[in-house]
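A.B. asks: Below is data.csv; it holds CSV, C-alpha atoms.
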```csv
chain,number,residue,atom,x,y,z
A,1,MET,CA,-26.3,12.1,29.0
A,2,MET,CA,-23.0,11.1,27.5
A,3,GLU,CA,-24.3,11.4,24.0
A,4,LYS,CA,-25.6,14.9,24.7
A,5,GLN,CA,-22.4,16.1,26.1
A,6,ASN,CA,-20.5,14.8,23.1
A,7,THR,CA,-22.7,16.6,20.6
A,8,MET,CA,-22.6,19.9,22.5
A,9,ALA,CA,-19.0,20.6,23.1
A,10,LEU,CA,-15.8,18.6,23.3
A,11,SER,CA,-14.6,18.2,26.8
A,12,SER,CA,-11.0,19.1,27.5
A,13,LYS,CA,-10.2,15.5,28.2
A,14,THR,CA,-11.5,14.4,24.7
A,15,ILE,CA,-9.4,17.1,23.1
A,16,ALA,CA,-6.3,16.2,25.1
A,17,ILE,CA,-6.7,12.5,24.3
A,18,ARG,CA,-7.3,13.0,20.6
A,19,GLY,CA,-4.4,15.4,20.3
A,20,LEU,CA,-2.1,13.0,22.1
A,21,LEU,CA,-3.1,10.1,19.9
A,22,ILE,CA,-2.7,12.2,16.7
A,23,ALA,CA,0.7,13.4,17.9
A,24,LEU,CA,1.7,9.8,18.6
A,25,ALA,CA,0.4,8.6,15.2
A,26,MET,CA,2.4,11.4,13.5
A,27,VAL,CA,5.6,10.4,15.3
A,28,LEU,CA,5.1,6.8,14.4
A,29,SER,CA,4.5,7.8,10.8
A,30,TRP,CA,7.7,9.7,10.8
A,31,ILE,CA,9.7,6.8,12.3
A,32,GLU,CA,8.3,4.5,9.7
A,33,ALA,CA,9.1,6.9,6.9
A,34,ARG,CA,12.8,6.8,8.1
A,35,PHE,CA,12.9,3.1,7.7
A,36,ALA,CA,11.0,2.9,4.4
A,37,PHE,CA,14.3,2.4,2.5
A,38,ALA,CA,14.9,-1.0,4.2
A,39,MET,CA,11.8,-2.5,2.6
A,40,MET,CA,12.0,-4.4,-0.7
A,41,VAL,CA,8.8,-3.2,-2.3
A,42,PRO,CA,7.5,0.4,-2.1
A,43,GLY,CA,4.4,0.6,0.1
A,44,MET,CA,5.6,-2.3,2.2
A,45,LYS,CA,5.7,-1.2,5.8
A,46,LEU,CA,4.9,-2.3,9.3
A,47,GLY,CA,2.0,0.2,9.8
A,48,LEU,CA,3.0,1.2,13.3
A,49,THR,CA,0.5,4.0,13.1
A,50,ASN,CA,-2.2,1.4,13.0
A,51,ILE,CA,-1.5,0.7,16.6
A,52,VAL,CA,-2.8,4.2,17.5
A,53,VAL,CA,-5.8,3.7,15.2
A,54,LEU,CA,-6.6,0.3,16.8
A,55,VAL,CA,-6.2,1.7,20.3
A,56,ALA,CA,-8.6,4.5,19.4
A,57,LEU,CA,-11.0,2.0,17.9
A,58,TYR,CA,-11.0,-0.2,21.0
A,59,LYS,CA,-10.6,2.4,23.7
A,60,LEU,CA,-12.6,5.3,22.3
A,61,SER,CA,-15.0,5.0,19.4
A,62,GLU,CA,-15.2,4.3,15.7
A,63,LYS,CA,-15.6,8.0,15.1
A,64,ASP,CA,-12.5,8.8,17.0
A,65,ALA,CA,-10.5,6.2,15.1
A,66,ILE,CA,-11.4,7.6,11.7
A,67,PHE,CA,-11.0,11.2,12.9
A,68,ILE,CA,-7.5,10.5,14.3
A,69,ASN,CA,-6.5,8.6,11.2
A,70,VAL,CA,-7.7,11.3,8.7
A,71,VAL,CA,-6.2,14.2,10.7
A,72,ARG,CA,-2.9,12.3,11.0
A,73,ILE,CA,-2.8,11.7,7.2
A,74,LEU,CA,-3.5,15.3,6.5
A,75,LEU,CA,-0.8,16.5,8.9
A,76,VAL,CA,1.8,14.1,7.7
A,77,GLY,CA,0.9,14.9,4.1
A,78,ILE,CA,1.5,18.6,4.8
A,79,THR,CA,4.6,18.2,6.8
A,80,PHE,CA,6.7,15.4,5.3
A,81,GLY,CA,4.7,14.3,2.2
A,82,ASN,CA,3.7,15.4,-1.2
A,83,MET,CA,0.5,15.3,-3.2
A,84,PHE,CA,1.1,11.7,-4.2
A,85,SER,CA,2.0,10.2,-0.9
A,86,PHE,CA,-1.0,12.0,0.5
A,87,MET,CA,-3.3,10.5,-2.0
A,88,TYR,CA,-2.0,7.0,-1.3
A,89,SER,CA,-2.1,7.2,2.4
A,90,LEU,CA,-5.6,8.7,2.4
A,91,ALA,CA,-6.9,5.9,0.2
A,92,GLY,CA,-5.1,3.2,2.2
A,93,GLY,CA,-5.9,4.8,5.6
A,94,VAL,CA,-9.6,5.4,5.0
A,95,LEU,CA,-10.2,2.0,3.4
A,96,SER,CA,-8.4,0.1,6.1
A,97,CYS,CA,-10.2,2.1,8.8
A,98,VAL,CA,-13.6,1.4,7.3
A,99,VAL,CA,-12.8,-2.3,7.0
A,100,MET,CA,-11.5,-2.5,10.6
A,101,ILE,CA,-14.6,-0.8,11.9
A,102,ILE,CA,-16.8,-3.3,10.0
A,103,ALA,CA,-14.7,-6.2,11.2
A,104,LYS,CA,-14.8,-5.0,14.8
A,105,LYS,CA,-18.3,-3.7,15.1
A,106,TYR,CA,-20.4,-5.9,12.8
A,107,VAL,CA,-18.5,-9.1,12.3
A,108,LYS,CA,-17.1,-9.0,15.8
A,109,LEU,CA,-13.6,-10.3,15.1
A,110,SER,CA,-10.6,-10.4,17.4
A,111,MET,CA,-8.1,-7.7,17.5
A,112,ILE,CA,-5.4,-9.6,15.5
A,113,THR,CA,-7.8,-10.4,12.7
A,114,VAL,CA,-9.1,-6.8,12.7
A,115,SER,CA,-5.5,-5.6,12.5
A,116,VAL,CA,-4.6,-8.0,9.7
A,117,LEU,CA,-7.6,-7.0,7.7
A,118,GLY,CA,-6.7,-3.3,8.2
A,119,GLY,CA,-3.1,-4.0,7.0
A,120,VAL,CA,-4.2,-5.9,4.0
A,121,PHE,CA,-6.9,-3.4,2.9
A,122,HIS,CA,-4.5,-0.5,3.5
A,123,ASN,CA,-2.3,-2.0,0.7
A,124,VAL,CA,-5.4,-2.8,-1.4
A,125,GLY,CA,-6.4,0.9,-1.2
A,126,GLN,CA,-3.0,2.0,-2.3
A,127,ILE,CA,-2.9,-0.4,-5.2
A,128,ILE,CA,-6.3,0.9,-6.4
A,129,VAL,CA,-5.0,4.5,-6.3
A,130,ALA,CA,-1.8,3.4,-8.1
A,131,MET,CA,-3.9,1.7,-10.8
A,132,VAL,CA,-6.0,4.9,-11.3
A,133,VAL,CA,-3.0,7.3,-11.2
A,134,MET,CA,-0.6,5.3,-13.3
A,135,ASN,CA,-3.3,4.2,-15.7
A,136,THR,CA,-2.1,0.6,-15.7
A,137,VAL,CA,-3.4,-2.6,-14.4
A,138,HIS,CA,0.0,-4.1,-13.9
A,139,VAL,CA,0.6,-2.7,-10.4
A,140,VAL,CA,-1.7,-5.4,-9.4
A,141,TYR,CA,1.3,-7.7,-9.4
A,142,TYR,CA,2.6,-5.9,-6.4
A,143,LEU,CA,-0.5,-6.9,-4.6
A,144,ALA,CA,0.7,-10.4,-4.2
A,145,ILE,CA,3.7,-9.4,-2.1
A,146,LEU,CA,1.9,-6.5,-0.5
A,147,TRP,CA,-1.0,-8.8,0.5
A,148,VAL,CA,1.4,-11.2,2.3
A,149,SER,CA,3.3,-8.3,3.9
A,150,GLY,CA,0.0,-6.8,5.0
A,151,ILE,CA,-0.9,-10.0,6.8
A,152,VAL,CA,2.5,-10.3,8.5
A,153,ALA,CA,2.5,-6.6,9.5
A,154,GLY,CA,-1.1,-6.9,10.7
A,155,ILE,CA,-0.2,-9.8,13.0
A,156,VAL,CA,2.7,-7.8,14.5
A,157,VAL,CA,0.6,-4.6,14.9
A,158,GLY,CA,-2.4,-6.6,16.2
A,159,VAL,CA,-0.3,-8.3,18.9
A,160,LEU,CA,1.3,-5.0,19.9
A,161,SER,CA,-2.0,-3.2,20.0
A,162,GLY,CA,-3.5,-6.0,22.1
A,163,GLN,CA,-0.8,-5.5,24.7
A,164,VAL,CA,-1.2,-1.7,24.6
A,165,VAL,CA,-5.0,-1.9,25.0
A,166,LYS,CA,-4.6,-4.4,27.9
A,167,ARG,CA,-2.2,-2.1,29.7
A,168,ILE,CA,-3.6,1.4,29.4
A,169,PRO,CA,-6.5,2.6,31.5
A,170,ASP,CA,-9.9,3.5,30.1
A,171,LEU,CA,-9.8,6.5,27.9
A,172,THR,CA,-13.5,7.3,27.6
A,173,ILE,CA,-14.9,10.2,29.4
B,174,MET,CA,-9.2,-9.9,29.9
B,175,ASN,CA,-11.2,-12.8,28.5
B,176,ASN,CA,-9.4,-14.8,25.9
B,177,ASP,CA,-9.3,-12.3,23.1
B,178,ILE,CA,-8.1,-14.6,20.4
B,179,PHE,CA,-11.1,-16.9,20.4
B,180,LEU,CA,-13.8,-14.2,20.3
B,181,ASN,CA,-15.6,-15.9,17.5
B,182,LYS,CA,-13.7,-18.9,16.4
B,183,LYS,CA,-15.7,-20.0,13.4
B,184,LYS,CA,-15.8,-16.6,11.7
B,185,GLU,CA,-12.1,-16.0,12.5
B,186,ILE,CA,-11.0,-19.2,11.0
B,187,ARG,CA,-13.1,-18.6,7.9
B,188,ILE,CA,-11.6,-15.1,7.4
B,189,TRP,CA,-8.0,-16.4,7.9
B,190,ILE,CA,-8.6,-19.2,5.3
B,191,ILE,CA,-9.9,-16.6,2.8
B,192,LEU,CA,-7.0,-14.3,3.4
B,193,ILE,CA,-4.4,-17.1,3.0
B,194,CYS,CA,-6.2,-18.5,-0.1
B,195,ILE,CA,-6.1,-15.1,-1.8
B,196,SER,CA,-2.4,-14.7,-1.0
B,197,ILE,CA,-1.7,-18.1,-2.5
B,198,LEU,CA,-3.8,-17.3,-5.5
B,199,LEU,CA,-1.9,-14.0,-6.0
B,200,MET,CA,1.4,-15.8,-5.7
B,201,PHE,CA,0.4,-18.2,-8.4
B,202,VAL,CA,-0.7,-15.4,-10.7
B,203,VAL,CA,2.7,-13.9,-10.3
B,204,PHE,CA,4.8,-17.0,-10.6
B,205,PHE,CA,2.9,-18.5,-13.6
B,206,ASN,CA,3.8,-15.3,-15.5
B,207,LYS,CA,7.4,-16.3,-15.3
B,208,ASP,CA,8.2,-16.2,-19.0
B,209,SER,CA,10.6,-13.4,-19.9
B,210,GLY,CA,8.8,-11.0,-22.2
B,211,GLY,CA,11.6,-9.6,-24.2
B,212,TYR,CA,10.3,-6.0,-24.3
B,213,VAL,CA,10.4,-3.1,-21.9
B,214,GLN,CA,7.6,-0.6,-22.3
B,215,VAL,CA,8.0,2.8,-20.8
B,216,LYS,CA,4.9,4.8,-20.2
B,217,VAL,CA,4.9,8.4,-19.1
B,218,ASN,CA,1.6,9.8,-17.7
B,219,GLY,CA,-0.3,6.8,-19.1
B,220,LYS,CA,1.0,7.2,-22.6
B,221,VAL,CA,3.5,4.9,-24.3
B,222,TYR,CA,6.8,6.7,-24.3
B,223,ALA,CA,9.2,4.1,-25.7
B,224,GLU,CA,9.8,0.4,-26.1
B,225,TYR,CA,13.1,-1.3,-25.8
B,226,SER,CA,14.2,-4.9,-26.4
B,227,LEU,CA,15.4,-6.7,-23.3
B,228,ASN,CA,18.0,-8.5,-25.4
B,229,ARG,CA,19.9,-5.3,-26.3
B,230,ASP,CA,21.9,-3.8,-23.5
B,231,GLY,CA,21.6,0.0,-23.3
B,232,LYS,CA,21.1,3.0,-21.2
B,233,TYR,CA,18.2,5.4,-21.8
B,234,VAL,CA,17.1,8.6,-20.2
B,235,ILE,CA,13.3,8.9,-19.8
B,236,ASP,CA,11.8,12.4,-19.5
B,237,GLY,CA,9.1,12.1,-16.9
B,238,VAL,CA,6.6,14.7,-15.8
B,239,ASN,CA,8.7,16.3,-13.1
B,240,GLY,CA,12.2,15.1,-14.0
B,241,HIS,CA,14.0,12.2,-15.6
B,242,ASN,CA,14.8,8.6,-14.8
B,243,THR,CA,17.7,6.6,-16.3
B,244,LEU,CA,16.7,3.1,-17.4
B,245,VAL,CA,19.4,0.5,-17.9
B,246,ILE,CA,18.9,-2.8,-19.7
B,247,LYS,CA,21.6,-5.4,-19.1
B,248,ASP,CA,21.7,-9.2,-19.3
B,249,GLY,CA,18.0,-9.4,-19.9
B,250,TYR,CA,17.1,-7.3,-16.9
B,251,ALA,CA,15.8,-3.8,-16.8
B,252,ARG,CA,16.3,-1.4,-13.9
B,253,VAL,CA,16.2,2.3,-13.0
B,254,VAL,CA,19.6,3.5,-11.8
B,255,ASP,CA,19.1,7.2,-11.5
B,256,ALA,CA,16.1,9.4,-10.9
B,257,THR,CA,15.7,13.0,-10.1
B,258,CYS,CA,12.8,12.4,-7.8
B,259,PRO,CA,13.3,13.0,-4.1
B,260,ASP,CA,12.4,9.6,-2.7
B,261,LYS,CA,14.3,7.4,-5.2
B,262,VAL,CA,11.9,4.5,-4.6
B,263,CYS,CA,12.2,3.4,-8.2
B,264,GLU,CA,16.0,2.9,-7.8
B,265,HIS,CA,15.4,0.6,-5.0
B,266,MET,CA,12.8,-1.5,-6.9
B,267,GLY,CA,15.6,-3.6,-8.3
B,268,LYS,CA,15.7,-5.3,-11.6
B,269,ILE,CA,12.8,-6.8,-13.5
B,270,SER,CA,12.6,-9.3,-16.3
B,271,ARG,CA,9.3,-11.2,-16.3
B,272,VAL,CA,6.1,-10.2,-18.1
B,273,GLY,CA,4.0,-8.0,-15.9
B,274,GLN,CA,6.7,-6.9,-13.6
B,275,SER,CA,7.1,-3.1,-13.5
B,276,ILE,CA,9.0,-0.3,-12.0
B,277,VAL,CA,7.0,2.7,-11.1
B,278,CYS,CA,8.2,6.2,-10.4
B,279,LEU,CA,5.3,8.1,-9.0
B,280,PRO,CA,6.6,11.7,-8.9
B,281,ASN,CA,7.6,11.5,-12.6
B,282,LYS,CA,4.6,9.4,-13.6
B,283,VAL,CA,6.9,6.9,-15.2
B,284,VAL,CA,5.9,3.2,-15.5
B,285,VAL,CA,8.5,0.8,-16.8
B,286,GLU,CA,6.9,-2.5,-17.6
B,287,ILE,CA,7.9,-5.8,-19.2
B,288,ILE,CA,5.6,-6.8,-22.0
B,289,LYS,CA,5.3,-9.7,-24.3
B,290,LYS,CA,5.4,-8.8,-28.0
B,291,ASN,CA,5.5,-10.9,-31.2
B,292,ASN,CA,9.0,-11.2,-32.4
B,293,GLU,CA,8.4,-10.5,-36.1
B,294,SER,CA,9.5,-7.0,-36.5
B,295,GLY,CA,7.7,-5.1,-39.2
B,296,ASN,CA,4.4,-6.9,-38.4
B,297,ASP,CA,2.9,-3.7,-37.1
B,298,GLY,CA,-0.6,-4.6,-38.1
B,299,GLU,CA,-0.7,-7.6,-35.8
B,300,THR,CA,0.7,-5.8,-32.7
B,301,GLU,CA,-1.8,-3.1,-33.2
B,302,TYR,CA,-4.6,-5.7,-33.5
B,303,ASP,CA,-3.4,-7.3,-30.2
B,304,GLY,CA,-3.6,-3.9,-28.6
B,305,VAL,CA,-7.2,-3.5,-29.6
B,306,VAL,CA,-8.2,-6.9,-28.5
B,307,LYS,CA,-6.6,-6.4,-25.1
```
Represent the structure contained in this file as structure tokens.

C.D. replies:
Amino acid sequence: MMEKQNTMALSSKTIAIRGLLIALAMVLSWIEARFAFAMMVPGMKLGLTNIVVLVALYKLSEKDAIFINVVRILLVGITFGNMFSFMYSLAGGVLSCVVMIIAKKYVKLSMITVSVLGGVFHNVGQIIVAMVVMNTVHVVYYLAILWVSGIVAGIVVGVLSGQVVKRIPDLTI
Amino acid sequence: MNNDIFLNKKKEIRIWIILICISILLMFVVFFNKDSGGYVQVKVNGKVYAEYSLNRDGKYVIDGVNGHNTLVIKDGYARVVDATCPDKVCEHMGKISRVGQSIVCLPNKVVVEIIKKNNESGNDGETEYDGVVK
């Protein structure tokens, strides 16, 4: 019944919730971009947007999480970014999203571990794109620091998302 | 509301150990490459643009794809002090001196990298050979 409804047409509630989460993710992206200068290494960030993706992953579905993330990256790329930043966030976003879905659905890990894996693989995705775009292997040296920062950011985001998920009501229709 | 942290203790711990091991490994890779290379190689769009010695202080303007970056070499360190790109990320990347370290300017497609090179100048054949082997 539920499945059928989903395939036929989006209910207004689904549209509203997705829109709300995308808007929230965009605002968090913007806030993060404002504070990017404070980081020592480019690409190092907290990944606040991942809170929204995690909430979508736990409260809605895997499909919603990936949808919200991709739309957010597209919109942020159009509004504040350029071609390069778009490519980087798309690679990082999609890879981290896929890894988080696998970690949650198939390996059945806890939220903090899922978030940490997401954070780490977001950076891995970006390094891979950097290697292809810049045609150099040496960006890999950044991975050392970005790996650790991904773990730290993942813990923070995981704890925050855990609290959010515990506090908000059920979002499914 | 069950205890979320211990969802699957064994798997969790294994994944955490792997994550931490890889980070320690990466750290080792970076820190064992500590030797100062002596040469700064500038690549634009993947092609070698110029090479400068780290021992000679100087200021160089690099013409990138969409603008230029100013590279300063001083006291054995290289850094980018001025860039025409909007985000100025490369300026904030600080100074580099160890082999493998690099400064990357994405909008201009400029990579500044510290490389190791044999000191004998004029021994072009050998450096070229090294390049092929690598």

A.B. asks: At a cut-off of 10 Å, list the chain A residues touching chain B, using only C-alpha atoms, as a CSV table (one decimal) with C-alpha atoms, keeping the file's coordinate frame.

C.D. replies:
```
chain,number,residue,atom,x,y,z
A,36,ALA,CA,11.0,2.9,4.4
A,37,PHE,CA,14.3,2.4,2.5
A,38,ALA,CA,14.9,-1.0,4.2
A,39,MET,CA,11.8,-2.5,2.6
A,40,MET,CA,12.0,-4.4,-0.7
A,41,VAL,CA,8.8,-3.2,-2.3
A,42,PRO,CA,7.5,0.4,-2.1
A,43,GLY,CA,4.4,0.6,0.1
A,82,ASN,CA,3.7,15.4,-1.2
A,83,MET,CA,0.5,15.3,-3.2
A,84,PHE,CA,1.1,11.7,-4.2
A,85,SER,CA,2.0,10.2,-0.9
A,107,VAL,CA,-18.5,-9.1,12.3
A,108,LYS,CA,-17.1,-9.0,15.8
A,109,LEU,CA,-13.6,-10.3,15.1
A,110,SER,CA,-10.6,-10.4,17.4
A,111,MET,CA,-8.1,-7.7,17.5
A,112,ILE,CA,-5.4,-9.6,15.5
A,113,THR,CA,-7.8,-10.4,12.7
A,114,VAL,CA,-9.1,-6.8,12.7
A,116,VAL,CA,-4.6,-8.0,9.7
A,117,LEU,CA,-7.6,-7.0,7.7
A,120,VAL,CA,-4.2,-5.9,4.0
A,130,ALA,CA,-1.8,3.4,-8.1
A,132,VAL,CA,-6.0,4.9,-11.3
A,133,VAL,CA,-3.0,7.3,-11.2
A,134,MET,CA,-0.6,5.3,-13.3
A,135,ASN,CA,-3.3,4.2,-15.7
A,136,THR,CA,-2.1,0.6,-15.7
A,137,VAL,CA,-3.4,-2.6,-14.4
A,138,HIS,CA,0.0,-4.1,-13.9
A,139,VAL,CA,0.6,-2.7,-10.4
A,140,VAL,CA,-1.7,-5.4,-9.4
A,141,TYR,CA,1.3,-7.7,-9.4
A,142,TYR,CA,2.6,-5.9,-6.4
A,143,LEU,CA,-0.5,-6.9,-4.6
A,144,ALA,CA,0.7,-10.4,-4.2
A,145,ILE,CA,3.7,-9.4,-2.1
A,146,LEU,CA,1.9,-6.5,-0.5
A,147,TRP,CA,-1.0,-8.8,0.5
A,148,VAL,CA,1.4,-11.2,2.3
A,149,SER,CA,3.3,-8.3,3.9
A,151,ILE,CA,-0.9,-10.0,6.8
A,162,GLY,CA,-3.5,-6.0,22.1
A,166,LYS,CA,-4.6,-4.4,27.9
```

A.B. asks: What is the atom CA of A:Val94 to atom CA of A:Ile17 distance in Å?

C.D. replies: 20.8 Å

A.B. asks: What is the distance between atom CA of A:Asn50 and atom CA of A:Val157, in Å to one decimal?

C.D. replies: 6.9 Å

A.B. asks: What gap, in Å, lies between atom CA of A:Ala23 and atom CA of A:Tyr106?

C.D. replies: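 Interatomic distance here is 29.0 Å.
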
A.B. asks: Would you list the contacts of A:Ile15 as an mmCIF file with C-alpha atoms, keeping the file's coordinate frame, taking every protein, DNA or RNA residue within 12 Å and counting all atoms listed in the file, but skipping same-chain residues closer than 2 positions in sequence?

C.D. replies:
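Dumped everything to around-v2.cif:
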```cif
data_model
loop_
_atom_site.group_PDB
_atom_site.id
_atom_site.type_symbol
_atom_site.label_atom_id
_atom_site.label_comp_id
_atom_site.auth_asym_id
_atom_site.auth_seq_id
_atom_site.Cartn_x
_atom_site.Cartn_y
_atom_site.Cartn_z
ATOM 1 C CA ASN A 6 -20.500 14.800 23.100
ATOM 2 C CA ALA A 9 -19.000 20.600 23.100
ATOM 3 C CA LEU A 10 -15.800 18.600 23.300
ATOM 4 C CA SER A 11 -14.600 18.200 26.800
ATOM 5 C CA SER A 12 -11.000 19.100 27.500
ATOM 6 C CA LYS A 13 -10.200 15.500 28.200
ATOM 7 C CA ILE A 17 -6.700 12.500 24.300
ATOM 8 C CA ARG A 18 -7.300 13.000 20.600
ATOM 9 C CA GLY A 19 -4.400 15.400 20.300
ATOM 10 C CA LEU A 20 -2.100 13.000 22.100
ATOM 11 C CA LEU A 21 -3.100 10.100 19.900
ATOM 12 C CA ILE A 22 -2.700 12.200 16.700
ATOM 13 C CA ALA A 23 0.700 13.400 17.900
ATOM 14 C CA ASP A 64 -12.500 8.800 17.000
ATOM 15 C CA PHE A 67 -11.000 11.200 12.900
ATOM 16 C CA ILE A 68 -7.500 10.500 14.300
ATOM 17 C CA LEU A 171 -9.800 6.500 27.900
ATOM 18 C CA THR A 172 -13.500 7.300 27.600
ATOM 19 C CA ILE A 173 -14.900 10.200 29.400
#
```

A.B. asks: May I have the residues within 6 Å of B:Arg252 as a PyMOL selection string, using all atoms listed in the file and disregarding those fewer than 2 positions away in the same chain?

C.D. replies: chain B and resi 244-245+268

A.B. asks: For stretch 191-215 of chain B, where the input has fewer atoms than it should, I would like N, CA and C atoms rebuilt and written as a PDB file, keeping the file's coordinate frame.

C.D. replies:
```pdb
ATOM      1  N   ILE B 191      -9.757 -17.455   4.016  1.00  0.00           N
ATOM      2  CA  ILE B 191      -9.900 -16.600   2.800  1.00  0.00           C
ATOM      3  C   ILE B 191      -8.691 -15.798   2.544  1.00  0.00           C
ATOM      4  N   LEU B 192      -8.154 -15.171   3.584  1.00  0.00           N
ATOM      5  CA  LEU B 192      -7.000 -14.300   3.400  1.00  0.00           C
ATOM      6  C   LEU B 192      -5.798 -15.135   2.860  1.00  0.00           C
ATOM      7  N   ILE B 193      -5.590 -16.327   3.416  1.00  0.00           N
ATOM      8  CA  ILE B 193      -4.400 -17.100   3.000  1.00  0.00           C
ATOM      9  C   ILE B 193      -4.669 -17.660   1.563  1.00  0.00           C
ATOM     10  N   CYS B 194      -5.917 -18.052   1.262  1.00  0.00           N
ATOM     11  CA  CYS B 194      -6.200 -18.500  -0.100  1.00  0.00           C
ATOM     12  C   CYS B 194      -5.937 -17.433  -1.127  1.00  0.00           C
ATOM     13  N   ILE B 195      -6.361 -16.204  -0.818  1.00  0.00           N
ATOM     14  CA  ILE B 195      -6.100 -15.100  -1.800  1.00  0.00           C
ATOM     15  C   ILE B 195      -4.641 -14.863  -1.944  1.00  0.00           C
ATOM     16  N   SER B 196      -3.877 -14.955  -0.848  1.00  0.00           N
ATOM     17  CA  SER B 196      -2.400 -14.700  -1.000  1.00  0.00           C
ATOM     18  C   SER B 196      -1.786 -15.794  -1.847  1.00  0.00           C
ATOM     19  N   ILE B 197      -2.223 -17.048  -1.659  1.00  0.00           N
ATOM     20  CA  ILE B 197      -1.700 -18.100  -2.500  1.00  0.00           C
ATOM     21  C   ILE B 197      -2.043 -17.929  -3.937  1.00  0.00           C
ATOM     22  N   LEU B 198      -3.298 -17.546  -4.163  1.00  0.00           N
ATOM     23  CA  LEU B 198      -3.800 -17.300  -5.500  1.00  0.00           C
ATOM     24  C   LEU B 198      -2.962 -16.191  -6.198  1.00  0.00           C
ATOM     25  N   LEU B 199      -2.719 -15.110  -5.460  1.00  0.00           N
ATOM     26  CA  LEU B 199      -1.900 -14.000  -6.000  1.00  0.00           C
ATOM     27  C   LEU B 199      -0.523 -14.435  -6.354  1.00  0.00           C
ATOM     28  N   MET B 200       0.038 -15.258  -5.452  1.00  0.00           N
ATOM     29  CA  MET B 200       1.400 -15.800  -5.700  1.00  0.00           C
ATOM     30  C   MET B 200       1.438 -16.583  -6.982  1.00  0.00           C
ATOM     31  N   PHE B 201       0.416 -17.419  -7.166  1.00  0.00           N
ATOM     32  CA  PHE B 201       0.400 -18.200  -8.400  1.00  0.00           C
ATOM     33  C   PHE B 201       0.283 -17.372  -9.617  1.00  0.00           C
ATOM     34  N   VAL B 202      -0.554 -16.351  -9.549  1.00  0.00           N
ATOM     35  CA  VAL B 202      -0.700 -15.400 -10.700  1.00  0.00           C
ATOM     36  C   VAL B 202       0.666 -14.864 -11.056  1.00  0.00           C
ATOM     37  N   VAL B 203       1.435 -14.461 -10.041  1.00  0.00           N
ATOM     38  CA  VAL B 203       2.700 -13.900 -10.300  1.00  0.00           C
ATOM     39  C   VAL B 203       3.715 -14.899 -10.852  1.00  0.00           C
ATOM     40  N   PHE B 204       3.737 -16.083 -10.231  1.00  0.00           N
ATOM     41  CA  PHE B 204       4.800 -17.000 -10.600  1.00  0.00           C
ATOM     42  C   PHE B 204       4.490 -17.782 -11.903  1.00  0.00           C
ATOM     43  N   PHE B 205       3.203 -17.835 -12.299  1.00  0.00           N
ATOM     44  CA  PHE B 205       2.900 -18.500 -13.600  1.00  0.00           C
ATOM     45  C   PHE B 205       3.191 -17.531 -14.753  1.00  0.00           C
ATOM     46  N   ASN B 206       3.446 -16.301 -14.440  1.00  0.00           N
ATOM     47  CA  ASN B 206       3.800 -15.300 -15.500  1.00  0.00           C
ATOM     48  C   ASN B 206       5.297 -15.226 -15.631  1.00  0.00           C
ATOM     49  N   LYS B 207       5.952 -16.347 -15.442  1.00  0.00           N
ATOM     50  CA  LYS B 207       7.400 -16.300 -15.300  1.00  0.00           C
ATOM     51  C   LYS B 207       8.128 -15.988 -16.606  1.00  0.00           C
ATOM     52  N   ASP B 208       7.505 -16.276 -17.755  1.00  0.00           N
ATOM     53  CA  ASP B 208       8.200 -16.200 -19.000  1.00  0.00           C
ATOM     54  C   ASP B 208       8.756 -14.754 -19.252  1.00  0.00           C
ATOM     55  N   SER B 209       9.986 -14.700 -19.682  1.00  0.00           N
ATOM     56  CA  SER B 209      10.600 -13.400 -19.900  1.00  0.00           C
ATOM     57  C   SER B 209       9.997 -12.833 -21.217  1.00  0.00           C
ATOM     58  N   GLY B 210       9.586 -11.610 -21.145  1.00  0.00           N
ATOM     59  CA  GLY B 210       8.800 -11.000 -22.200  1.00  0.00           C
ATOM     60  C   GLY B 210       9.634 -10.543 -23.396  1.00  0.00           C
ATOM     61  N   GLY B 211      10.778 -10.023 -23.099  1.00  0.00           N
ATOM     62  CA  GLY B 211      11.600  -9.600 -24.200  1.00  0.00           C
ATOM     63  C   GLY B 211      11.511  -8.086 -24.471  1.00  0.00           C
ATOM     64  N   TYR B 212      10.425  -7.449 -24.029  1.00  0.00           N
ATOM     65  CA  TYR B 212      10.300  -6.000 -24.300  1.00  0.00           C
ATOM     66  C   TYR B 212      10.028  -5.196 -23.073  1.00  0.00           C
ATOM     67  N   VAL B 213      10.634  -4.030 -23.040  1.00  0.00           N
ATOM     68  CA  VAL B 213      10.400  -3.100 -21.900  1.00  0.00           C
ATOM     69  C   VAL B 213       9.595  -1.961 -22.490  1.00  0.00           C
ATOM     70  N   GLN B 214       8.448  -1.744 -21.898  1.00  0.00           N
ATOM     71  CA  GLN B 214       7.600  -0.600 -22.300  1.00  0.00           C
ATOM     72  C   GLN B 214       7.681   0.471 -21.301  1.00  0.00           C
ATOM     73  N   VAL B 215       7.942   1.674 -21.761  1.00  0.00           N
ATOM     74  CA  VAL B 215       8.000   2.800 -20.800  1.00  0.00           C
ATOM     75  C   VAL B 215       6.792   3.685 -21.102  1.00  0.00           C
TER      76      VAL B 215
END
```
